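A.B. asks: Below is data_11.cif; it holds mmCIF, C-alpha atoms and all ligand atoms.
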```cif
data_target
loop_
_atom_site.label_atom_id
_atom_site.label_comp_id
_atom_site.auth_asym_id
_atom_site.auth_seq_id
_atom_site.Cartn_x
_atom_site.Cartn_y
_atom_site.Cartn_z
CA MET V 1 3.38 -13.57 -14.22
CA ALA V 2 -0.13 -13.24 -15.66
CA PRO V 3 -1.27 -16.23 -17.70
CA ASP V 4 -0.81 -15.51 -21.39
CA GLY V 5 -3.73 -14.36 -23.49
CA GLN V 6 -4.05 -17.79 -25.04
CA ILE V 7 -4.75 -19.49 -21.70
CA LEU V 8 -7.28 -16.79 -20.83
CA GLN V 9 -9.02 -17.33 -24.16
CA GLN V 10 -9.00 -21.12 -23.92
CA THR V 11 -10.27 -21.21 -20.35
CA GLY V 12 -12.63 -18.24 -20.43
CA ALA V 13 -10.99 -16.96 -17.24
CA PRO V 14 -11.56 -13.27 -16.45
CA ASN V 15 -8.63 -10.95 -17.05
CA VAL V 16 -7.81 -9.55 -13.62
CA TYR V 17 -4.70 -7.75 -14.85
CA ASP V 18 -6.08 -5.06 -17.14
CA ALA V 19 -6.58 -1.66 -15.56
CA ASP V 20 -9.91 0.18 -15.64
CA PRO V 21 -10.28 3.12 -18.03
CA ILE V 22 -9.47 6.53 -16.54
CA PRO V 23 -12.67 8.60 -16.13
CA GLU V 24 -13.58 10.68 -19.15
CA ALA V 25 -13.38 13.87 -17.07
CA ALA V 26 -9.58 13.58 -17.03
CA ARG V 27 -9.35 14.15 -20.79
CA ALA V 28 -10.39 17.79 -20.92
CA GLU V 29 -8.03 18.70 -18.10
CA ILE V 30 -5.12 16.84 -19.71
CA GLU V 31 -5.88 18.55 -23.02
CA ARG V 32 -5.86 21.92 -21.25
CA LEU V 33 -2.52 21.15 -19.59
CA LEU V 34 -0.97 19.93 -22.85
CA THR V 35 -2.13 23.06 -24.63
CA SER V 36 -0.78 25.44 -22.00
CA GLY V 37 2.28 23.34 -21.21
CA ASP V 38 1.62 24.14 -17.54
CA LEU V 39 2.88 20.86 -16.09
CA PHE V 40 4.98 22.01 -13.12
CA ARG V 41 3.00 22.18 -9.88
CA TYR V 42 4.45 25.50 -8.73
CA THR V 43 4.08 27.57 -11.94
CA ALA V 44 0.45 28.65 -11.57
CA PRO V 45 -0.11 31.27 -8.84
CA GLN V 46 -2.96 29.14 -7.42
CA ASP V 47 -5.25 26.17 -8.06
CA ALA V 48 -2.64 24.02 -9.82
CA PRO V 49 -4.05 20.49 -10.26
CA VAL V 50 -1.57 19.10 -7.70
CA ALA V 51 -2.62 21.72 -5.13
CA LEU V 52 -6.28 20.95 -5.76
CA LEU V 53 -5.61 17.23 -5.38
CA GLU V 54 -3.93 17.87 -2.02
CA ALA V 55 -6.92 19.85 -0.77
CA GLU V 56 -9.39 17.23 -2.01
CA PHE V 57 -7.44 14.29 -0.61
CA ALA V 58 -7.02 15.93 2.79
CA ALA V 59 -10.78 16.60 2.87
CA LEU V 60 -11.56 13.02 1.79
CA MET V 61 -9.43 11.62 4.61
CA GLY V 62 -10.27 14.24 7.21
CA SER V 63 -6.66 15.30 7.74
CA ARG V 64 -5.22 18.82 7.97
CA TYR V 65 -2.38 18.57 5.44
CA ALA V 66 -1.63 16.52 2.34
CA LEU V 67 1.50 16.50 0.19
CA ALA V 68 1.39 14.82 -3.22
CA VAL V 69 4.68 13.27 -4.34
CA SER V 70 6.13 10.98 -6.99
CA SER V 71 5.34 7.65 -5.25
CA CYS V 72 4.34 6.12 -1.94
CA SER V 73 7.99 5.11 -1.55
CA ALA V 74 8.88 8.82 -1.74
CA ALA V 75 6.16 9.59 0.83
CA LEU V 76 7.56 6.93 3.21
CA PHE V 77 11.09 8.28 2.81
CA LEU V 78 9.97 11.89 3.37
CA SER V 79 7.96 10.84 6.44
CA LEU V 80 11.08 9.36 8.01
CA LYS V 81 13.11 12.47 7.12
CA ALA V 82 10.34 14.75 8.41
CA LEU V 83 10.50 12.99 11.81
CA ASP V 84 14.14 14.12 11.99
CA LEU V 85 15.42 10.74 13.17
CA PRO V 86 19.11 10.43 13.96
CA LYS V 87 21.29 8.43 11.60
CA GLY V 88 21.04 4.71 12.38
CA ALA V 89 17.75 5.12 14.24
CA LYS V 90 15.93 1.84 14.77
CA VAL V 91 12.54 1.69 13.04
CA LEU V 92 10.13 -1.22 13.50
CA ILE V 93 8.50 -2.60 10.35
CA PRO V 94 6.44 -5.75 9.83
CA ALA V 95 8.42 -8.59 8.25
CA PHE V 96 5.55 -9.05 5.78
CA THR V 97 5.54 -5.98 3.58
CA PHE V 98 6.62 -4.79 0.16
CA ALA V 99 10.36 -4.24 -0.42
CA ALA V 100 9.71 -0.49 -0.80
CA VAL V 101 9.25 -0.26 2.98
CA PRO V 102 12.68 -1.50 4.13
CA SER V 103 14.11 0.35 1.10
CA SER V 104 12.75 3.67 2.39
CA LEU V 105 14.55 3.00 5.68
CA VAL V 106 17.84 2.33 3.89
CA HIS V 107 17.37 5.57 1.94
CA ALA V 108 16.72 7.53 5.16
CA GLU V 109 19.73 5.86 6.85
CA CYS V 110 17.56 4.15 9.47
CA GLU V 111 17.99 0.62 10.74
CA PRO V 112 15.03 -1.70 10.14
CA VAL V 113 13.89 -3.98 12.93
CA LEU V 114 11.65 -6.67 11.47
CA VAL V 115 8.66 -7.75 13.52
CA GLU V 116 6.98 -11.13 13.18
CA VAL V 117 3.66 -11.35 11.34
CA GLY V 118 1.11 -14.05 12.12
CA GLU V 119 -0.84 -16.31 9.78
CA ASN V 120 -3.59 -13.67 9.70
CA TYR V 121 -1.06 -11.29 7.99
CA ARG V 122 -1.04 -8.96 10.98
CA VAL V 123 1.75 -7.84 13.26
CA ASN V 124 2.45 -10.24 16.13
CA MET V 125 1.84 -7.92 19.08
CA GLU V 126 3.97 -9.92 21.49
CA ASP V 127 7.01 -9.61 19.22
CA PHE V 128 6.14 -5.95 18.57
CA ALA V 129 6.03 -5.13 22.29
CA ALA V 130 9.31 -6.98 22.85
CA LYS V 131 11.10 -5.07 20.07
CA LEU V 132 9.64 -1.59 20.70
CA PRO V 133 12.09 -0.49 23.44
CA GLY V 134 14.92 1.37 21.74
CA ALA V 135 12.95 2.09 18.57
CA ALA V 136 12.86 5.71 17.37
CA ALA V 137 9.84 5.18 15.12
CA VAL V 138 7.41 2.56 13.85
CA MET V 139 6.33 2.10 10.25
CA ILE V 140 3.23 -0.06 10.08
CA SER V 141 2.48 -1.50 6.68
CA HIS V 142 -1.18 -2.37 6.22
CA MET V 143 -0.13 -5.04 3.76
CA ARG V 144 -2.80 -5.67 1.09
CA GLY V 145 -5.08 -3.66 3.38
CA HIS V 146 -4.80 -6.11 6.29
CA THR V 147 -4.84 -3.90 9.35
CA SER V 148 -2.85 -4.84 12.42
CA ASP V 149 -4.23 -4.04 15.86
CA MET V 150 -3.89 -0.25 15.64
CA ASP V 151 -5.42 0.23 19.10
CA ALA V 152 -2.72 -1.89 20.72
CA ILE V 153 0.03 -0.42 18.52
CA MET V 154 -0.98 3.18 19.28
CA ALA V 155 -1.33 2.47 23.01
CA LEU V 156 2.19 1.03 23.18
CA CYS V 157 3.72 3.71 20.93
CA ASP V 158 1.97 6.62 22.66
CA ALA V 159 3.13 5.33 26.04
CA ALA V 160 6.70 5.06 24.73
CA GLY V 161 6.55 8.40 22.86
CA VAL V 162 7.36 6.66 19.57
CA PRO V 163 5.85 8.16 16.38
CA VAL V 164 3.96 5.87 13.99
CA ILE V 165 4.03 6.14 10.20
CA GLU V 166 1.26 4.25 8.43
CA ASP V 167 2.14 2.70 5.08
CA ALA V 168 -1.39 2.68 3.67
CA ALA V 169 -0.14 2.33 0.07
CA HIS V 170 -2.66 -0.40 -0.65
CA SER V 171 -5.29 0.47 1.97
CA LEU V 172 -7.12 3.52 0.69
CA GLY V 173 -10.71 3.26 1.97
CA THR V 174 -10.02 0.89 4.86
CA VAL V 175 -11.56 2.01 8.15
CA TRP V 176 -10.37 1.09 11.65
CA GLY V 177 -12.72 1.78 14.57
CA GLY V 178 -14.51 4.40 12.49
CA ARG V 179 -11.26 6.16 11.53
CA ASN V 180 -9.73 6.25 8.07
CA ILE V 181 -6.56 4.20 7.77
CA GLY V 182 -3.65 6.60 7.36
CA THR V 183 -5.05 9.09 9.89
CA ILE V 184 -4.30 7.06 13.02
CA GLY V 185 -0.52 7.47 13.19
CA LYS V 186 1.43 10.73 12.85
CA VAL V 187 1.74 10.33 9.06
CA GLY V 188 -0.14 8.24 6.51
CA CYS V 189 1.25 7.37 3.07
CA PHE V 190 -0.71 6.22 0.01
CA SER V 191 0.17 5.03 -3.49
CA PHE V 192 -1.36 5.88 -6.88
CA GLN V 193 0.68 3.20 -8.67
CA SER V 194 -1.42 1.23 -11.15
CA TYR V 195 -2.17 -1.78 -8.92
CA LYS V 196 -3.71 0.33 -6.14
CA MET V 197 -7.26 1.64 -5.65
CA VAL V 198 -6.50 4.86 -7.60
CA ASN V 199 -4.36 4.50 -10.73
CA ALA V 200 -2.06 7.21 -12.04
CA GLY V 201 0.68 4.86 -13.21
CA GLU V 202 2.88 6.32 -10.48
CA GLY V 203 2.29 8.74 -7.63
CA GLY V 204 1.88 8.99 -3.89
CA ILE V 205 0.60 11.27 -1.16
CA LEU V 206 1.26 11.75 2.53
CA ILE V 207 -1.19 13.12 5.07
CA THR V 208 -0.64 14.48 8.56
CA ASP V 209 -2.20 16.82 11.11
CA ASP V 210 1.23 17.95 12.33
CA PRO V 211 2.30 21.31 10.82
CA GLU V 212 6.01 20.73 11.53
CA ILE V 213 6.02 17.34 9.79
CA ALA V 214 4.02 18.76 6.89
CA ALA V 215 6.34 21.75 6.52
CA ARG V 216 9.50 19.67 6.65
CA ALA V 217 8.14 17.16 4.13
CA ILE V 218 7.01 19.97 1.80
CA ILE V 219 10.42 21.66 1.80
CA MET V 220 12.29 18.36 1.30
CA SER V 221 9.90 17.26 -1.47
CA GLY V 222 11.31 20.17 -3.46
CA ALA V 223 9.38 23.35 -2.57
CA TYR V 224 12.48 25.47 -3.13
CA GLU V 225 12.72 29.26 -2.65
CA SER V 226 9.22 30.48 -1.77
CA ASN V 227 7.22 27.74 -3.48
CA TRP V 228 6.07 26.54 -0.05
CA LYS V 229 3.81 29.62 0.02
CA LYS V 230 1.51 27.68 -2.31
CA HIS V 231 0.79 25.21 0.52
CA PRO V 232 -1.94 26.81 2.65
CA GLY V 233 -1.67 27.34 6.39
CA LEU V 234 2.01 26.54 6.92
CA SER V 235 3.80 29.89 6.51
CA ASN V 236 5.44 29.98 9.93
CA SER V 237 6.71 26.43 9.87
CA CYS V 238 7.86 26.51 6.25
CA ALA V 239 9.62 29.88 6.66
CA HIS V 240 11.48 28.37 9.60
CA TRP V 241 12.69 25.31 7.65
CA GLN V 242 13.45 26.96 4.31
CA ASN V 243 17.12 26.51 3.32
CA LYS V 244 17.76 24.41 6.43
CA LEU V 245 16.71 21.13 4.80
CA PRO V 246 17.92 19.41 1.63
CA LEU V 247 15.67 19.31 -1.42
CA TYR V 248 15.09 15.74 -2.60
CA ASN V 249 12.80 16.79 -5.46
CA LEU V 250 10.12 14.14 -5.25
CA ARG V 251 7.30 16.36 -6.47
CA MET V 252 4.20 15.27 -8.36
CA GLN V 253 3.50 16.92 -11.70
CA ASN V 254 0.15 18.28 -12.86
CA LEU V 255 -0.65 15.52 -15.39
CA SER V 256 -0.66 12.92 -12.60
CA ALA V 257 -3.05 15.02 -10.53
CA ALA V 258 -5.31 15.39 -13.57
CA VAL V 259 -5.51 11.59 -13.79
CA ILE V 260 -6.05 11.11 -10.04
CA ARG V 261 -8.62 13.80 -9.20
CA PRO V 262 -11.59 12.37 -11.18
CA GLN V 263 -10.97 8.96 -9.54
CA LEU V 264 -11.33 10.23 -5.96
CA PRO V 265 -15.14 10.45 -6.12
CA LEU V 266 -15.14 6.79 -7.30
CA VAL V 267 -13.20 5.46 -4.31
CA ALA V 268 -16.25 4.84 -2.08
CA GLU V 269 -17.96 2.78 -4.77
CA ARG V 270 -14.79 0.83 -5.59
CA VAL V 271 -14.30 0.08 -1.91
CA GLU V 272 -17.85 -1.18 -1.45
CA LYS V 273 -17.72 -3.31 -4.60
CA GLY V 274 -14.27 -4.63 -3.73
CA ARG V 275 -15.42 -5.65 -0.26
CA ALA V 276 -18.53 -7.42 -1.55
CA ASN V 277 -16.44 -9.26 -4.17
CA HIS V 278 -13.84 -10.26 -1.61
CA ASP V 279 -16.40 -11.49 0.89
CA HIS V 280 -18.19 -13.56 -1.77
CA VAL V 281 -15.00 -15.36 -2.81
CA ALA V 282 -13.86 -15.64 0.84
CA ALA V 283 -17.09 -17.42 1.83
CA ARG V 284 -16.67 -19.88 -1.03
CA LEU V 285 -13.00 -20.61 -0.22
CA ASN V 286 -13.72 -20.99 3.50
CA ALA V 287 -16.15 -23.80 2.66
CA SER V 288 -13.11 -25.89 1.70
CA ALA V 289 -11.30 -27.87 4.39
CA HIS V 290 -7.99 -27.07 2.68
CA LEU V 291 -8.22 -23.27 2.43
CA ALA V 292 -8.72 -20.46 4.96
CA VAL V 293 -9.27 -16.73 4.57
CA PRO V 294 -8.29 -15.01 7.84
CA GLU V 295 -11.00 -12.89 9.46
CA PRO V 296 -10.46 -9.14 9.82
CA LEU V 297 -9.90 -7.87 13.37
CA GLY V 298 -13.06 -6.53 15.01
CA PRO V 299 -12.60 -2.77 14.38
CA GLU V 300 -11.57 -3.20 10.72
CA VAL V 301 -13.80 -2.58 7.69
CA ARG V 302 -11.79 -3.77 4.72
CA ALA V 303 -11.29 -2.21 1.28
CA PRO V 304 -9.81 -5.11 -0.70
CA ASP V 305 -8.91 -5.26 -4.39
CA SER V 306 -7.35 -8.71 -3.98
CA ILE V 307 -7.79 -11.74 -1.77
CA GLN V 308 -5.30 -13.58 0.40
CA PHE V 309 -5.88 -17.05 1.80
CA ASN V 310 -3.83 -19.77 3.46
CA LEU V 311 -3.30 -23.36 2.41
CA LYS V 312 -4.68 -25.01 5.54
CA GLY V 313 -3.36 -28.23 7.05
CA ASP V 314 -0.39 -30.27 5.93
CA TRP V 315 0.48 -29.04 2.46
CA THR V 316 3.98 -29.86 1.26
CA ASP V 317 5.93 -27.33 -0.82
CA ALA V 318 5.47 -29.62 -3.83
CA GLU V 319 1.71 -29.67 -3.32
CA ALA V 320 1.61 -25.90 -2.92
CA LEU V 321 3.57 -25.49 -6.17
CA GLY V 322 1.28 -28.02 -7.85
CA PHE V 323 -1.68 -25.97 -6.68
CA GLN V 324 -0.15 -22.80 -8.19
CA ALA V 325 0.29 -24.63 -11.49
CA ALA V 326 -3.22 -26.12 -11.39
CA THR V 327 -4.80 -22.68 -10.95
CA LYS V 328 -2.63 -21.26 -13.73
CA ALA V 329 -3.85 -23.98 -16.09
CA ARG V 330 -7.36 -22.67 -15.33
CA GLY V 331 -6.26 -19.16 -16.27
CA ILE V 332 -6.02 -17.84 -12.69
CA THR V 333 -2.69 -16.74 -11.24
CA VAL V 334 -2.34 -17.65 -7.58
CA GLN V 335 0.93 -16.58 -6.06
CA VAL V 336 2.15 -18.28 -2.93
CA PHE V 337 4.19 -15.33 -1.58
CA GLY V 338 7.13 -17.41 -0.35
CA LEU V 339 7.19 -19.89 -3.23
CA SER V 340 7.28 -17.46 -6.15
CA GLU V 341 10.86 -16.77 -7.22
CA GLY V 342 12.28 -13.49 -5.92
CA ASN V 343 8.94 -12.24 -4.51
CA ALA V 344 9.47 -8.66 -3.26
CA ARG V 345 7.21 -9.36 -0.27
CA ALA V 346 9.39 -12.19 1.10
CA PHE V 347 11.87 -10.75 3.60
CA TRP V 348 14.63 -13.20 2.68
CA ASN V 349 14.80 -11.56 -0.74
CA TRP V 350 15.69 -8.16 0.78
CA GLN V 351 19.40 -8.84 0.28
CA PHE V 352 20.10 -5.08 0.23
CA LEU V 353 19.60 -5.16 4.02
CA GLY V 354 22.58 -7.46 4.45
CA GLU V 355 22.07 -10.02 7.20
CA VAL V 356 18.34 -10.46 7.92
CA PRO V 357 17.46 -12.43 11.05
CA ASP V 358 15.15 -15.36 10.50
CA LEU V 359 11.54 -14.78 11.41
CA PRO V 360 10.12 -18.29 11.56
CA GLN V 361 6.48 -17.29 12.07
CA THR V 362 6.45 -14.88 9.13
CA ARG V 363 8.37 -17.37 7.00
CA ALA V 364 5.87 -20.15 7.73
CA MET V 365 2.98 -17.83 6.83
CA LEU V 366 4.62 -16.68 3.57
CA MET V 367 5.20 -20.30 2.50
CA ARG V 368 1.44 -21.03 2.56
CA ALA V 369 -0.21 -17.62 1.99
CA CYS V 370 -1.74 -17.12 -1.45
CA ASP V 371 -2.46 -13.92 -3.34
CA VAL V 372 -5.05 -13.40 -6.10
CA ARG V 373 -6.04 -10.13 -7.71
CA LEU V 374 -9.75 -9.30 -7.48
CA PRO V 375 -10.42 -5.93 -9.11
CA PRO V 376 -13.71 -4.31 -8.01
CA ARG V 377 -15.09 -4.41 -11.59
CA LEU V 378 -15.51 -8.22 -11.60
CA THR V 379 -19.00 -9.66 -12.07
CA LEU V 380 -20.51 -12.37 -9.88
CA ALA V 381 -19.98 -14.94 -12.67
CA GLU V 382 -16.31 -13.95 -12.93
CA LEU V 383 -15.87 -14.18 -9.16
CA ASP V 384 -17.40 -17.65 -9.21
CA TYR V 385 -15.07 -18.67 -12.04
CA ILE V 386 -12.12 -17.63 -9.88
CA ALA V 387 -13.47 -19.38 -6.76
CA ASP V 388 -14.21 -22.57 -8.76
CA ALA V 389 -10.73 -22.55 -10.29
CA ILE V 390 -9.10 -22.26 -6.86
CA LEU V 391 -11.34 -24.89 -5.23
CA ASP V 392 -10.95 -27.33 -8.15
CA ALA V 393 -7.18 -26.87 -8.17
CA ALA V 394 -7.02 -27.69 -4.44
CA VAL V 395 -9.05 -30.89 -4.99
CA GLU V 396 -6.93 -31.84 -8.01
CA VAL V 397 -3.72 -31.58 -5.95
CA LEU V 398 -4.90 -33.07 -2.65
CA GLY V 399 -7.45 -35.51 -4.11
C1 LIG J 401 2.67 -0.47 -3.57
C2 LIG J 401 3.15 -0.46 -2.18
C3 LIG J 401 4.20 0.40 -1.78
C4 LIG J 401 4.97 1.27 -2.75
O1 LIG J 401 4.18 2.20 -3.44
P1 LIG J 401 4.84 2.99 -4.69
O2 LIG J 401 3.87 4.09 -4.96
O3 LIG J 401 4.94 2.02 -5.82
O4 LIG J 401 6.16 3.49 -4.25
C5 LIG J 401 4.55 0.40 -0.45
N1 LIG J 401 3.95 -0.39 0.45
C6 LIG J 401 2.94 -1.22 0.11
C7 LIG J 401 2.28 -2.06 1.14
C8 LIG J 401 2.52 -1.29 -1.23
O5 LIG J 401 1.53 -2.13 -1.55
#
```
Output the structure of this file as structure tokens.

C.D. replies:
Amino acid sequence: MAPDGQILQQTGAPNVYDADPIPEAARAEIERLLTSGDLFRYTAPQDAPVALLEAEFAALMGSRYALAVSSCSAALFLSLKALDLPKGAKVLIPAFTFAAVPSSLVHAECEPVLVEVGENYRVNMEDFAAKLPGAAAVMISHMRGHTSDMDAIMALCDAAGVPVIEDAAHSLGTVWGGRNIGTIGKVGCFSFQSYKMVNAGEGGILITDDPEIAARAIIMSGAYESNWKKHPGLSNSCAHWQNKLPLYNLRMQNLSAAVIRPQLPLVAERVEKGRANHDHVAARLNASAHLAVPEPLGPEVRAPDSIQFNLKGDWTDAEALGFQAATKARGITVQVFGLSEGNARAFWNWQFLGEVPDLPQTRAMLMRACDVRLPPRLTLAELDYIADAILDAAVEVLG
């Protein structure tokens, strides 16, 4: 999907696809692990890299427990299992999310109920309130970091006694009303896949303050026999659940933790840089009559590593596709979510769900919402190149 190297060279466009180097500090630890062969998280009696990561991540977020696993998808699945939902339980999810979210529900034998998402990429609270009765749980996906009204969601869910799982895969560093995203619901799940704020290739982590949820997730992640004893502060709960729950073996291994740990101290800086970059490009795009970057909701402080904007006014599909092509010719890949073939964030492509009801509001948004990567490392000149390319492409198409 990225423009080929030749276009980048010809246009001088910045490469927004390459990852950043992993901090030097990871090397010595990886060397140590390769030398000892101590890669399994439960071999060392204490202080295994995965255990240290869990302690550091919990401290970073201000939560009581953290469990590192193989992916955010695994964390979402384990969260649903840890809530002990009955088979076929209805779980609300936003209709604008990544396919991993409805997939985790299929895996946990829950039934997804898709909620409309507005043109600001946030859950439509009227539709949410209408669909909440009868739901056993809610999984809110802070898609691309865009945070739905968590105050309203928590008020409704608390009143109804419905637990909330936060899919914060792509939202590490976002703050809502002074609270870290992922700590507002009962469970928060994060990703360390390469396109997220912290890159380990693959990996995920779940956080919670609830000892029963933590214990159940730990056992099911694969803490067989007495390995759960290496998770501090959960002896009673884990002893209770041992052998009563299946082992799905979704553990993280030590090499991943060695790659992740030296990146955690960099998160604050990446977040600040990412926000400044985003806001610079957003201000430039909002100066156009044809483009609009939705505002965050009042309590949200964003942590973006990409930008989303809408094609404003009466764009036809052909014009939107022409705009995609015109940016690509300038070396910048703009993806209109609903117009890129097989996009995993377009609900009509989730054929594994069977019949999906139409969600006209979400569909209309996806047909005009654009996505551009904006890694925090970009310089002001590179950001301006990207903004110019987008603005020029819009003028070229609309005249
Ligand atoms: C990336 C992502 C996921 C899946 O994360 P993995 O670690 O790749 O499983 C889930 N939800 C959202 C919103 C994401 O961006």

A.B. asks: To one decimal place, how far is CA of Leu374 (chain V) from CA of Val16 (chain V) in Å?

C.D. replies: 6.4 Å

A.B. asks: Which chains and residue numbers are within 8 Å of ligand LIG 401 (chain J), counting all atoms listed in the file, if I want them as a PyMOL selection string?

C.D. replies: chain V and resi 70-75+97-101+141-145+167-170+190-193+195-196+202-204

A.B. asks: Which residues come within 12 Å of Gly173 (chain V), counting all atoms listed in the file, excluding same-chain residues fewer than 3 positions away, as a compact mmCIF listing (two decimals) with C-alpha atoms, in the coordinates of the input?

C.D. replies:
```txt
# COMPACT_ATOMS: atom_id res chain seq x y z
CA PHE V 57 -7.44 14.29 -0.61
CA LEU V 60 -11.56 13.02 1.79
CA MET V 61 -9.43 11.62 4.61
CA HIS V 142 -1.18 -2.37 6.22
CA ARG V 144 -2.80 -5.67 1.09
CA GLY V 145 -5.08 -3.66 3.38
CA HIS V 146 -4.80 -6.11 6.29
CA THR V 147 -4.84 -3.90 9.35
CA ALA V 168 -1.39 2.68 3.67
CA ALA V 169 -0.14 2.33 0.07
CA HIS V 170 -2.66 -0.40 -0.65
CA TRP V 176 -10.37 1.09 11.65
CA GLY V 178 -14.51 4.40 12.49
CA ARG V 179 -11.26 6.16 11.53
CA ASN V 180 -9.73 6.25 8.07
CA ILE V 181 -6.56 4.20 7.77
CA GLY V 182 -3.65 6.60 7.36
CA THR V 183 -5.05 9.09 9.89
CA PHE V 190 -0.71 6.22 0.01
CA LYS V 196 -3.71 0.33 -6.14
CA MET V 197 -7.26 1.64 -5.65
CA VAL V 198 -6.50 4.86 -7.60
CA LEU V 264 -11.33 10.23 -5.96
CA PRO V 265 -15.14 10.45 -6.12
CA LEU V 266 -15.14 6.79 -7.30
CA VAL V 267 -13.20 5.46 -4.31
CA ALA V 268 -16.25 4.84 -2.08
CA GLU V 269 -17.96 2.78 -4.77
CA ARG V 270 -14.79 0.83 -5.59
CA VAL V 271 -14.30 0.08 -1.91
CA GLU V 272 -17.85 -1.18 -1.45
CA LYS V 273 -17.72 -3.31 -4.60
CA GLY V 274 -14.27 -4.63 -3.73
CA ARG V 275 -15.42 -5.65 -0.26
CA GLU V 300 -11.57 -3.20 10.72
CA VAL V 301 -13.80 -2.58 7.69
CA ARG V 302 -11.79 -3.77 4.72
CA ALA V 303 -11.29 -2.21 1.28
CA PRO V 304 -9.81 -5.11 -0.70
CA ASP V 305 -8.91 -5.26 -4.39
```

A.B. asks: Might you pull out every residue within 12 Å of Gly118 (chain V), with only C-alpha atoms counted and same-chain residues fewer than 5 positions away left off, and present them as a PDB file with C-alpha atoms, in the coordinates of the input?

C.D. replies:
```pdb
ATOM      1  CA  PRO V  94       6.440  -5.750   9.830  1.00  0.00           C
ATOM      2  CA  ALA V  95       8.420  -8.590   8.250  1.00  0.00           C
ATOM      3  CA  PHE V  96       5.550  -9.050   5.780  1.00  0.00           C
ATOM      4  CA  VAL V 123       1.750  -7.840  13.260  1.00  0.00           C
ATOM      5  CA  ASN V 124       2.450 -10.240  16.130  1.00  0.00           C
ATOM      6  CA  MET V 125       1.840  -7.920  19.080  1.00  0.00           C
ATOM      7  CA  GLU V 126       3.970  -9.920  21.490  1.00  0.00           C
ATOM      8  CA  ASP V 127       7.010  -9.610  19.220  1.00  0.00           C
ATOM      9  CA  PHE V 128       6.140  -5.950  18.570  1.00  0.00           C
ATOM     10  CA  HIS V 146      -4.800  -6.110   6.290  1.00  0.00           C
ATOM     11  CA  SER V 148      -2.850  -4.840  12.420  1.00  0.00           C
ATOM     12  CA  ASP V 149      -4.230  -4.040  15.860  1.00  0.00           C
ATOM     13  CA  PRO V 294      -8.290 -15.010   7.840  1.00  0.00           C
ATOM     14  CA  ASN V 310      -3.830 -19.770   3.460  1.00  0.00           C
ATOM     15  CA  LEU V 359      11.540 -14.780  11.410  1.00  0.00           C
ATOM     16  CA  PRO V 360      10.120 -18.290  11.560  1.00  0.00           C
ATOM     17  CA  GLN V 361       6.480 -17.290  12.070  1.00  0.00           C
ATOM     18  CA  THR V 362       6.450 -14.880   9.130  1.00  0.00           C
ATOM     19  CA  ARG V 363       8.370 -17.370   7.000  1.00  0.00           C
ATOM     20  CA  ALA V 364       5.870 -20.150   7.730  1.00  0.00           C
ATOM     21  CA  MET V 365       2.980 -17.830   6.830  1.00  0.00           C
ATOM     22  CA  LEU V 366       4.620 -16.680   3.570  1.00  0.00           C
ATOM     23  CA  ARG V 368       1.440 -21.030   2.560  1.00  0.00           C
ATOM     24  CA  ALA V 369      -0.210 -17.620   1.990  1.00  0.00           C
TER      25      ALA V 369
END
```

A.B. asks: Of the candidates V:Gly399, V:Pro246, V:Pro49, V:Gly177, which shows the shortest atom-to-atom distance to Ser221 (chain V), using only C-alpha atoms?

C.D. replies: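 Of all the options, V:Pro246 lies closest to Ser221 (chain V).
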
A.B. asks: Could you tell me how far CA of Arg32 (chain V) lies from CA of Ala58 (chain V), in Å and to one decimal?

C.D. replies: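 Pair CA of Arg32 (chain V) / CA of Ala58 (chain V) returns 24.8 Å.
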
A.B. asks: Please list as a PyMOL selection string every residue within 9 Å of Lys131 (chain V), counting only C-alpha atoms and excluding residues in the same chain fewer than 5 positions away.

C.D. replies: chain V and resi 92+113-115+126

A.B. asks: Tell me, in Å to one decimal, how far CA of Gly5 (chain V) is from CA of Tyr385 (chain V).

C.D. replies: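 Pair CA of Gly5 (chain V) / CA of Tyr385 (chain V) returns 16.7 Å.
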